[in-house]
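So this one's query.tsv, TSV, C-alpha atoms:
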```tsv
chain	number	residue	atom	x	y	z
W	1	GLY	CA	8.81	-20.57	11.78
W	2	MET	CA	8.51	-16.88	12.47
W	3	PRO	CA	11.69	-14.86	12.85
W	4	THR	CA	12.11	-12.96	16.09
W	5	LEU	CA	12.51	-9.34	15.17
W	6	VAL	CA	14.22	-8.27	18.39
W	7	GLU	CA	17.54	-8.94	20.08
W	8	GLY	CA	17.54	-11.84	22.50
W	9	GLY	CA	14.52	-13.59	21.08
W	10	THR	CA	11.01	-12.61	22.08
W	11	TRP	CA	9.86	-9.19	23.19
W	12	GLU	CA	10.14	-8.39	26.85
W	13	LEU	CA	6.88	-6.79	27.94
W	14	SER	CA	8.32	-3.65	29.48
W	15	THR	CA	6.22	-1.63	31.93
W	16	ASP	CA	5.98	1.02	29.22
W	17	ALA	CA	4.20	-1.35	26.89
W	18	VAL	CA	1.62	-2.36	29.47
W	19	MET	CA	0.94	1.19	30.58
W	20	TYR	CA	-0.18	2.52	27.22
W	21	PRO	CA	-3.86	3.26	27.78
W	22	LYS	CA	-6.17	1.18	25.63
W	23	GLU	CA	-8.62	4.08	25.51
W	24	PRO	CA	-6.64	7.23	24.80
W	25	CYS	CA	-8.14	10.53	25.95
W	26	PRO	CA	-10.11	12.00	23.07
W	27	VAL	CA	-7.97	14.41	21.09
W	28	PRO	CA	-9.46	17.91	21.20
W	29	PHE	CA	-9.47	18.35	17.43
W	30	ALA	CA	-11.60	21.48	17.78
W	31	SER	CA	-8.45	23.29	18.95
W	32	ALA	CA	-6.23	21.88	16.18
W	33	GLN	CA	-4.04	24.30	14.28
W	34	THR	CA	-2.60	24.08	10.76
W	35	VAL	CA	0.56	26.03	10.00
W	36	GLU	CA	2.27	26.35	6.62
W	37	ALA	CA	6.01	25.83	6.19
W	38	VAL	CA	6.90	28.11	3.28
W	39	GLY	CA	10.19	28.08	1.42
W	40	HIS	CA	10.58	25.23	-1.05
W	41	GLY	CA	10.36	26.32	-4.69
W	42	ARG	CA	8.92	23.02	-5.87
W	43	GLN	CA	6.97	20.24	-4.26
W	44	CYS	CA	8.29	18.19	-1.38
W	45	ASN	CA	8.77	14.39	-1.55
W	46	SER	CA	9.87	13.37	1.93
W	47	LEU	CA	9.46	14.47	5.55
W	48	ALA	CA	11.10	13.32	8.80
W	49	PHE	CA	11.40	14.61	12.37
W	50	ASN	CA	14.66	14.27	14.27
W	51	THR	CA	14.76	12.29	17.50
W	52	SER	CA	13.54	15.11	19.79
W	53	GLY	CA	11.02	16.37	17.26
W	54	ALA	CA	12.46	19.89	17.47
W	55	THR	CA	13.41	19.83	13.78
W	56	LEU	CA	11.51	18.68	10.70
W	57	ALA	CA	13.52	17.80	7.58
W	58	SER	CA	12.04	18.00	4.08
W	59	GLY	CA	13.38	16.96	0.68
W	60	SER	CA	12.15	18.67	-2.47
W	61	ASP	CA	12.19	18.65	-6.27
W	62	ASP	CA	13.89	22.05	-5.99
W	63	LYS	CA	17.16	20.08	-5.36
W	64	SER	CA	17.35	21.08	-1.71
W	65	ALA	CA	16.56	19.70	1.70
W	66	ARG	CA	15.38	22.08	4.38
W	67	LEU	CA	15.31	21.90	8.14
W	68	TRP	CA	12.41	23.60	9.89
W	69	SER	CA	11.78	24.56	13.48
W	70	THR	CA	8.75	22.52	14.52
W	71	GLU	CA	7.76	25.24	16.97
W	72	THR	CA	7.74	28.15	14.50
W	73	ALA	CA	7.47	26.34	11.11
W	74	GLN	CA	10.32	28.59	9.95
W	75	CYS	CA	13.16	27.27	7.82
W	76	VAL	CA	16.35	27.24	9.92
W	77	THR	CA	18.77	25.49	7.53
W	78	ARG	CA	19.06	24.76	3.81
W	79	LEU	CA	21.04	21.76	2.56
W	80	GLU	CA	22.05	22.66	-1.00
W	81	GLY	CA	24.17	21.04	-3.68
W	82	HIS	CA	22.11	18.06	-4.82
W	83	GLY	CA	22.40	17.46	-8.57
W	84	ASP	CA	18.69	16.70	-8.84
W	85	GLY	CA	15.54	16.53	-6.72
W	86	VAL	CA	15.74	15.11	-3.19
W	87	VAL	CA	13.50	12.02	-3.29
W	88	GLN	CA	13.95	10.71	0.27
W	89	LEU	CA	15.66	11.52	3.52
W	90	CYS	CA	15.98	10.18	7.04
W	91	TRP	CA	17.69	11.10	10.30
W	92	GLU	CA	20.29	9.01	12.01
W	93	PRO	CA	18.33	7.32	14.83
W	94	ALA	CA	18.78	9.10	18.16
W	95	SER	CA	20.54	11.99	16.42
W	96	GLU	CA	19.57	15.63	16.62
W	97	SER	CA	21.76	16.76	13.73
W	98	VAL	CA	22.89	13.95	11.40
W	99	LEU	CA	20.74	13.00	8.43
W	100	ALA	CA	20.96	11.35	5.01
W	101	THR	CA	19.43	12.59	1.77
W	102	LEU	CA	18.82	10.53	-1.35
W	103	SER	CA	18.75	12.44	-4.62
W	104	ALA	CA	17.70	11.51	-8.14
W	105	ASP	CA	21.34	12.19	-9.12
W	106	LYS	CA	22.14	8.67	-7.76
W	107	CYS	CA	23.94	9.95	-4.68
W	108	LEU	CA	23.36	9.39	-0.99
W	109	ARG	CA	24.60	12.36	1.02
W	110	PHE	CA	25.25	12.48	4.75
W	111	TRP	CA	24.87	15.85	6.47
W	112	ASP	CA	25.43	17.37	9.88
W	113	SER	CA	23.09	20.31	10.37
W	114	ARG	CA	25.69	22.02	12.56
W	115	GLN	CA	27.90	22.33	9.44
W	116	PRO	CA	25.28	22.57	6.69
W	117	GLN	CA	27.44	24.17	3.97
W	118	LYS	CA	28.31	20.82	2.42
W	119	PRO	CA	27.67	17.11	3.02
W	120	THR	CA	29.98	15.30	5.43
W	121	SER	CA	30.20	12.52	2.84
W	122	ILE	CA	28.73	11.41	-0.48
W	123	VAL	CA	28.13	7.79	-1.54
W	124	LYS	CA	27.49	7.14	-5.23
W	125	VAL	CA	24.93	4.38	-5.86
W	126	SER	CA	24.25	2.46	-9.04
W	127	HIS	CA	20.56	3.20	-9.46
W	128	GLU	CA	18.11	6.02	-9.04
W	129	TYR	CA	17.03	4.73	-5.66
W	130	ILE	CA	13.81	6.09	-4.20
W	131	ASN	CA	13.60	4.68	-0.65
W	132	ILE	CA	15.79	4.87	2.44
W	133	ALA	CA	15.81	3.41	5.97
W	134	TRP	CA	18.40	3.59	8.76
W	135	THR	CA	18.83	0.70	11.21
W	136	PRO	CA	17.77	1.47	14.79
W	137	ASP	CA	21.37	0.79	15.91
W	138	ALA	CA	22.50	3.42	13.35
W	139	ARG	CA	25.09	1.16	11.70
W	140	ILE	CA	23.51	0.61	8.27
W	141	VAL	CA	21.54	2.74	5.82
W	142	ALA	CA	19.47	0.79	3.28
W	143	VAL	CA	18.62	2.46	-0.02
W	144	GLY	CA	16.59	0.80	-2.69
W	145	SER	CA	13.59	0.11	-4.87
W	146	SER	CA	14.98	1.59	-8.04
W	147	VAL	CA	12.47	1.68	-10.85
W	148	GLY	CA	13.04	-0.97	-13.49
W	149	ALA	CA	16.77	-1.61	-13.20
W	150	LYS	CA	17.75	-3.28	-16.47
W	151	ASP	CA	21.41	-4.09	-15.84
W	152	ASP	CA	21.03	-7.63	-14.44
W	153	SER	CA	18.97	-10.27	-16.16
W	154	GLY	CA	15.77	-10.97	-14.25
W	155	VAL	CA	16.50	-8.33	-11.62
W	156	LYS	CA	13.69	-5.81	-11.26
W	157	ASP	CA	14.76	-3.96	-8.11
W	158	SER	CA	17.59	-3.93	-5.62
W	159	VAL	CA	18.44	-2.68	-2.13
W	160	SER	CA	21.97	-1.60	-1.23
W	161	LEU	CA	23.15	-1.66	2.39
W	162	ILE	CA	25.60	1.13	3.17
W	163	ASP	CA	27.85	0.91	6.23
W	164	PHE	CA	27.58	4.24	8.06
W	165	GLY	CA	31.09	3.83	9.50
W	166	THR	CA	32.95	3.19	6.25
W	167	LYS	CA	30.42	4.81	3.86
W	168	LYS	CA	30.83	1.76	1.63
W	169	ILE	CA	28.16	-0.54	0.19
W	170	SER	CA	28.40	-3.69	2.31
W	171	ARG	CA	25.75	-5.81	0.59
W	172	LYS	CA	23.38	-5.62	-2.33
W	173	LEU	CA	20.08	-7.52	-2.28
W	174	LYS	CA	18.52	-8.17	-5.68
W	175	PHE	CA	14.90	-9.00	-6.43
W	176	SER	CA	13.10	-10.48	-9.41
W	177	TYR	CA	9.99	-8.52	-8.37
W	178	GLU	CA	9.17	-4.90	-7.62
W	179	VAL	CA	9.91	-3.69	-4.10
W	180	ASN	CA	8.57	-0.50	-2.59
W	181	GLU	CA	9.03	1.13	0.83
W	182	PHE	CA	10.86	-0.78	3.57
W	183	CYS	CA	11.81	-0.40	7.21
W	184	TRP	CA	14.08	-2.15	9.70
W	185	ALA	CA	12.84	-4.40	12.48
W	186	PRO	CA	13.81	-3.34	16.04
W	187	ASN	CA	16.67	-5.85	16.05
W	188	SER	CA	18.43	-3.97	13.19
W	189	HIS	CA	18.91	-7.31	11.38
W	190	HIS	CA	15.66	-7.97	9.57
W	191	LEU	CA	14.49	-5.73	6.76
W	192	LEU	CA	10.73	-5.54	6.20
W	193	LEU	CA	10.09	-4.91	2.54
W	194	THR	CA	6.80	-4.18	0.75
W	195	THR	CA	6.41	-5.87	-2.63
W	196	GLU	CA	4.27	-5.93	-5.77
W	197	HIS	CA	2.92	-9.34	-4.69
W	198	GLY	CA	0.90	-7.84	-1.83
W	199	THR	CA	3.38	-9.22	0.69
W	200	VAL	CA	5.85	-7.89	3.21
W	201	GLU	CA	9.06	-9.90	2.89
W	202	VAL	CA	11.03	-10.29	6.11
W	203	LEU	CA	14.68	-10.46	5.02
W	204	ARG	CA	17.77	-11.53	6.93
W	205	ALA	CA	19.57	-8.52	5.52
W	206	MET	CA	22.73	-8.86	7.62
W	207	ASP	CA	23.33	-12.61	7.44
W	208	GLU	CA	25.06	-13.45	4.17
W	209	SER	CA	25.48	-17.13	5.03
W	210	LYS	CA	21.75	-17.85	4.72
W	211	SER	CA	19.22	-17.00	2.04
W	212	ALA	CA	17.81	-13.56	2.62
W	213	GLU	CA	14.12	-14.50	2.72
W	214	ALA	CA	13.18	-15.43	6.28
W	215	TYR	CA	9.40	-15.07	6.28
W	216	THR	CA	6.58	-13.76	4.12
W	217	MET	CA	3.74	-11.70	5.58
W	218	HIS	CA	0.69	-12.10	3.33
W	219	ALA	CA	-0.72	-8.64	3.68
W	220	HIS	CA	-2.85	-7.53	0.72
W	221	THR	CA	-4.52	-8.60	-2.51
W	222	ASP	CA	-2.51	-6.08	-4.55
W	223	ASP	CA	0.87	-4.28	-4.46
W	224	CYS	CA	2.04	-3.03	-1.06
W	225	TYR	CA	3.37	0.49	-1.44
W	226	CYS	CA	4.18	2.06	1.92
W	227	VAL	CA	5.08	1.07	5.44
W	228	ASP	CA	5.77	2.58	8.86
W	229	ILE	CA	6.94	0.97	12.09
W	230	ASN	CA	6.78	1.89	15.76
W	231	ASN	CA	9.36	-0.13	17.65
W	232	ASP	CA	8.18	0.81	21.16
W	233	ALA	CA	4.60	-0.26	20.54
W	234	ARG	CA	5.50	-3.21	18.24
W	235	ARG	CA	3.23	-2.02	15.47
W	236	LEU	CA	3.70	-2.08	11.73
W	237	VAL	CA	1.33	-0.46	9.23
W	238	VAL	CA	1.20	-1.22	5.51
W	239	GLY	CA	-0.60	0.69	2.77
W	240	SER	CA	-1.62	-1.00	-0.46
W	241	LYS	CA	-2.81	-0.46	-4.00
W	242	ASP	CA	-5.99	-2.27	-2.89
W	243	SER	CA	-6.83	1.00	-0.98
W	244	ILE	CA	-6.57	-0.71	2.43
W	245	VAL	CA	-4.18	-0.04	5.33
W	246	SER	CA	-3.32	-3.07	7.46
W	247	ILE	CA	-2.12	-2.85	11.07
W	248	TRP	CA	0.26	-5.58	12.30
W	249	ASP	CA	1.43	-6.83	15.66
W	250	LEU	CA	5.20	-7.33	15.38
W	251	ASP	CA	5.32	-9.91	18.18
W	252	TYR	CA	3.17	-12.37	16.25
W	253	LEU	CA	3.55	-10.94	12.72
W	254	ALA	CA	-0.24	-10.97	12.62
W	255	SER	CA	-2.59	-8.48	11.03
W	256	ILE	CA	-4.86	-7.18	13.78
W	257	ARG	CA	-6.86	-4.42	12.03
W	258	THR	CA	-7.52	-2.80	8.70
W	259	VAL	CA	-8.52	0.71	7.70
W	260	ALA	CA	-10.72	0.52	4.61
W	261	ARG	CA	-11.99	4.08	4.19
W	262	HIS	CA	-9.82	5.00	1.18
W	263	VAL	CA	-11.15	4.49	-2.33
W	264	THR	CA	-7.83	4.74	-4.22
W	265	PRO	CA	-4.35	3.19	-3.69
W	266	VAL	CA	-2.74	4.14	-0.37
W	267	ARG	CA	0.40	6.23	-0.86
W	268	CYS	CA	1.50	7.23	2.66
W	269	VAL	CA	1.17	5.85	6.19
W	270	ALA	CA	2.52	7.18	9.49
W	271	LEU	CA	2.23	6.03	13.10
W	272	SER	CA	2.14	8.50	15.99
W	273	ALA	CA	4.07	8.25	19.23
W	274	LYS	CA	3.22	4.97	21.00
W	275	ALA	CA	1.39	4.00	17.77
W	276	THR	CA	-1.81	5.41	19.29
W	277	TYR	CA	-2.88	7.00	16.00
W	278	LEU	CA	-2.40	6.18	12.36
W	279	ALA	CA	-2.38	8.72	9.55
W	280	SER	CA	-2.88	7.52	5.98
W	281	SER	CA	-3.44	9.13	2.61
W	282	ALA	CA	-4.24	7.82	-0.85
W	283	TYR	CA	-4.62	9.25	-4.34
W	284	ASP	CA	-7.78	10.97	-3.15
W	285	PRO	CA	-7.39	14.31	-1.32
W	286	GLY	CA	-7.03	14.68	2.43
W	287	ILE	CA	-5.71	12.56	5.30
W	288	ASP	CA	-7.45	9.86	7.38
W	289	LEU	CA	-6.56	9.82	11.09
W	290	ALA	CA	-7.45	6.54	12.77
W	291	ASP	CA	-7.34	5.05	16.24
W	292	THR	CA	-4.77	2.27	15.76
W	293	GLU	CA	-6.38	-0.16	18.21
W	294	SER	CA	-9.87	-0.02	16.66
W	295	GLY	CA	-9.14	1.30	13.17
W	296	ASP	CA	-11.96	3.82	13.70
W	297	LEU	CA	-11.81	7.29	12.18
W	298	VAL	CA	-10.93	9.98	14.74
W	299	HIS	CA	-10.48	12.91	12.35
W	300	LYS	CA	-10.27	13.76	8.65
W	301	ILE	CA	-7.85	16.46	7.52
W	302	ASP	CA	-9.42	18.10	4.49
W	303	GLU	CA	-7.03	19.14	1.76
W	304	THR	CA	-7.61	19.91	-1.90
W	305	HIS	CA	-4.89	17.48	-3.07
W	306	ALA	CA	-3.36	14.12	-2.28
W	307	MET	CA	-0.16	13.79	-0.23
W	308	ASN	CA	3.46	12.97	-1.09
W	309	ALA	CA	4.57	12.34	2.49
W	310	LEU	CA	3.37	12.13	6.11
W	311	ALA	CA	5.43	12.28	9.31
W	312	PHE	CA	4.32	12.22	12.94
W	313	HIS	CA	6.21	14.08	15.67
W	314	PRO	CA	7.92	11.62	18.07
W	315	THR	CA	6.10	12.79	21.22
W	316	THR	CA	3.25	15.21	20.50
W	317	PHE	CA	0.16	15.21	18.32
W	318	CYS	CA	1.75	16.98	15.38
W	319	LEU	CA	1.50	15.61	11.85
W	320	ALA	CA	3.62	17.08	9.05
W	321	TYR	CA	2.36	16.53	5.53
W	322	ALA	CA	3.63	17.34	2.04
W	323	ILE	CA	1.05	18.19	-0.59
W	324	ASP	CA	1.19	16.63	-4.05
W	325	THR	CA	0.24	19.62	-6.19
W	326	LYS	CA	0.36	17.50	-9.36
W	327	THR	CA	-2.70	15.51	-8.39
W	328	PRO	CA	-6.14	16.77	-9.40
W	329	ALA	CA	-7.88	19.05	-6.93
W	330	ALA	CA	-10.83	17.74	-4.97
W	331	GLN	CA	-14.23	18.03	-6.58
W	332	GLY	CA	-16.50	20.51	-4.88
W	333	LEU	CA	-13.49	22.43	-3.60
W	334	ALA	CA	-12.67	23.90	-6.99
W	335	GLY	CA	-13.47	27.38	-5.77
W	336	ARG	CA	-10.63	27.36	-3.27
W	337	ALA	CA	-8.33	24.86	-4.94
W	338	SER	CA	-5.19	26.77	-5.80
W	339	PRO	CA	-3.39	26.06	-9.05
W	340	THR	CA	0.11	24.59	-8.88
W	341	PRO	CA	1.73	26.94	-6.37
W	342	ALA	CA	4.34	29.42	-7.54
W	343	SER	CA	7.73	29.56	-5.86
W	344	GLY	CA	7.43	30.31	-2.17
W	345	ASP	CA	4.03	28.70	-1.67
W	346	ALA	CA	3.37	26.14	1.04
W	347	PHE	CA	4.09	22.59	-0.04
W	348	ILE	CA	4.34	21.50	3.62
W	349	LYS	CA	1.89	21.92	6.49
W	350	LEU	CA	1.99	21.04	10.18
W	351	PHE	CA	-1.29	19.91	11.74
W	352	SER	CA	-1.09	19.96	15.52
W	353	VAL	CA	-3.25	19.82	18.63
W	354	PRO	CA	-1.52	22.14	21.12
W	355	GLY	CA	-0.98	20.86	24.62
W	356	TYR	CA	-2.09	17.30	23.85
W	357	ALA	CA	0.63	14.83	24.86
W	358	LEU	CA	0.66	11.30	23.52
```

Please lay out the structure from this file as structure tokens.
Amino acid sequence: GMPTLVEGGTWELSTDAVMYPKEPCPVPFASAQTVEAVGHGRQCNSLAFNTSGATLASGSDDKSARLWSTETAQCVTRLEGHGDGVVQLCWEPASESVLATLSADKCLRFWDSRQPQKPTSIVKVSHEYINIAWTPDARIVAVGSSVGAKDDSGVKDSVSLIDFGTKKISRKLKFSYEVNEFCWAPNSHHLLLTTEHGTVEVLRAMDESKSAEAYTMHAHTDDCYCVDINNDARRLVVGSKDSIVSIWDLDYLASIRTVARHVTPVRCVALSAKATYLASSAYDPGIDLADTESGDLVHKIDETHAMNALAFHPTTFCLAYAIDTKTPAAQGLAGRASPTPASGDAFIKLFSVPGYAL
């Protein structure tokens, strides 16, 4: 049977859930603004807003993470001292100041932005992990999906669970297949993991007495690459190599919609507050903004390149995106396509619709 992904069994339909309007007010995209966040010396791989949305964190190939004021798009803090590029980062859930960065130097670093001079702790991991997810209850950080680990026979990828209290690896899940991005279910027990088989594996990550695999969501005809979850609205979105984004209802683990406007593999997906809107980007330039209920296009953000990362603000219509300057520039835009930016150019932009509350 299906696992329940929440504490205490099935979802309670809170008044919040019922009150979300089925027909959101049209977003006044005519008044949208795009602001550049300038400071990183090389391109940015990961973006995340803290719980209030006041601060945006970014991780870059320049071996630093930066914290930006969402309001001004100015850099307010630099987190230095990584031995290599910062490949992923995430905030402690419900925290304004604590975050974790994952670097290609095989270290997970915990930081408190109030004391940014050095990490509060460093955890060495065995592989060059490229993905990270923190449980909603803040107890465990999962890092994983290393590329082609060769140390164990038959093991392609692994996910290590790190206890935030002890800073020790509490469990290591190993896979005979490739795993990509993952996220935690609202119950903080099940890990939802995208795989090369076109599936999302629902794993009992915390229960060592049973086999990890609890349920398989058959999502796509090709590798699943990226995933985002909105716990309040019980929505999961998955992006695939087959160029399609699927939208899932977490109550029934059922696919309810697809977005099929991309023509290349989907690299990034992000859900807005209340999961009203869905942003997705592929290997082709620009960003598709969809209405999550219908899957219809509401706006296209034109950019000359593809994206490395997308992140929606937790309450307002503000989408942060990191530009992949290594991808070819869009055809027809060659006149204004800039070459690979020099140090100090904008690798990050904030697209927002002022005064529009979600």

message: For Phe175 of chain W, find every residue with an atom within 7 Å (counting only C-alpha atoms), except residues of its own chain fewer than 5 positions away, and show them as a PyMOL selection string.
response: chain W and resi 155-158

- request: Tell me which of W:Leu319, W:Leu89, W:Ala260, W:Leu278 sits closest to Ser243 of chain W, counting only C-alpha atoms.
  value: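 Checking each candidate against Ser243 of chain W, we get W:Ala260 as the closest.
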
task: Find the residue from W:Ala142, W:Leu108, W:Cys90, W:Val35 that sits nearest to Leu192 of chain W; use all atoms listed in the file when measuring.
output: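 Nearest to Leu192 of chain W: W:Ala142.
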
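Atom CA of Ala205 of chain W lies 8.3 Å from atom CA of Leu161 of chain W.
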
message: For a test of reading the model, state the distance in Å between atom CA of Ala214 of chain W and atom CA of Pro3 of chain W, rounded to one decimal.
response: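 About the pair atom CA of Ala214 of chain W and atom CA of Pro3 of chain W: they are 6.8 Å apart.
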
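The nearest approach to Leu47 of chain W among the residues W:Gln33, W:Asn230, W:Gln88, W:Ser146, with only C-alpha atoms taken into account, belongs to W:Gln88.
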
- request: Please measure the separation of atom CA of Gly59 of chain W and atom CA of Arg109 of chain W, giving the value in Å to one decimal.
  value: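 If I compute the distance from atom CA of Gly59 of chain W to atom CA of Arg109 of chain W, I get 12.1 Å.
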
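Remark: for Asp137 of chain W, the closest of the candidate residues W:Ala185, W:Leu253, W:Cys226, W:Val123 is W:Ala185 (distances computed over only C-alpha atoms).
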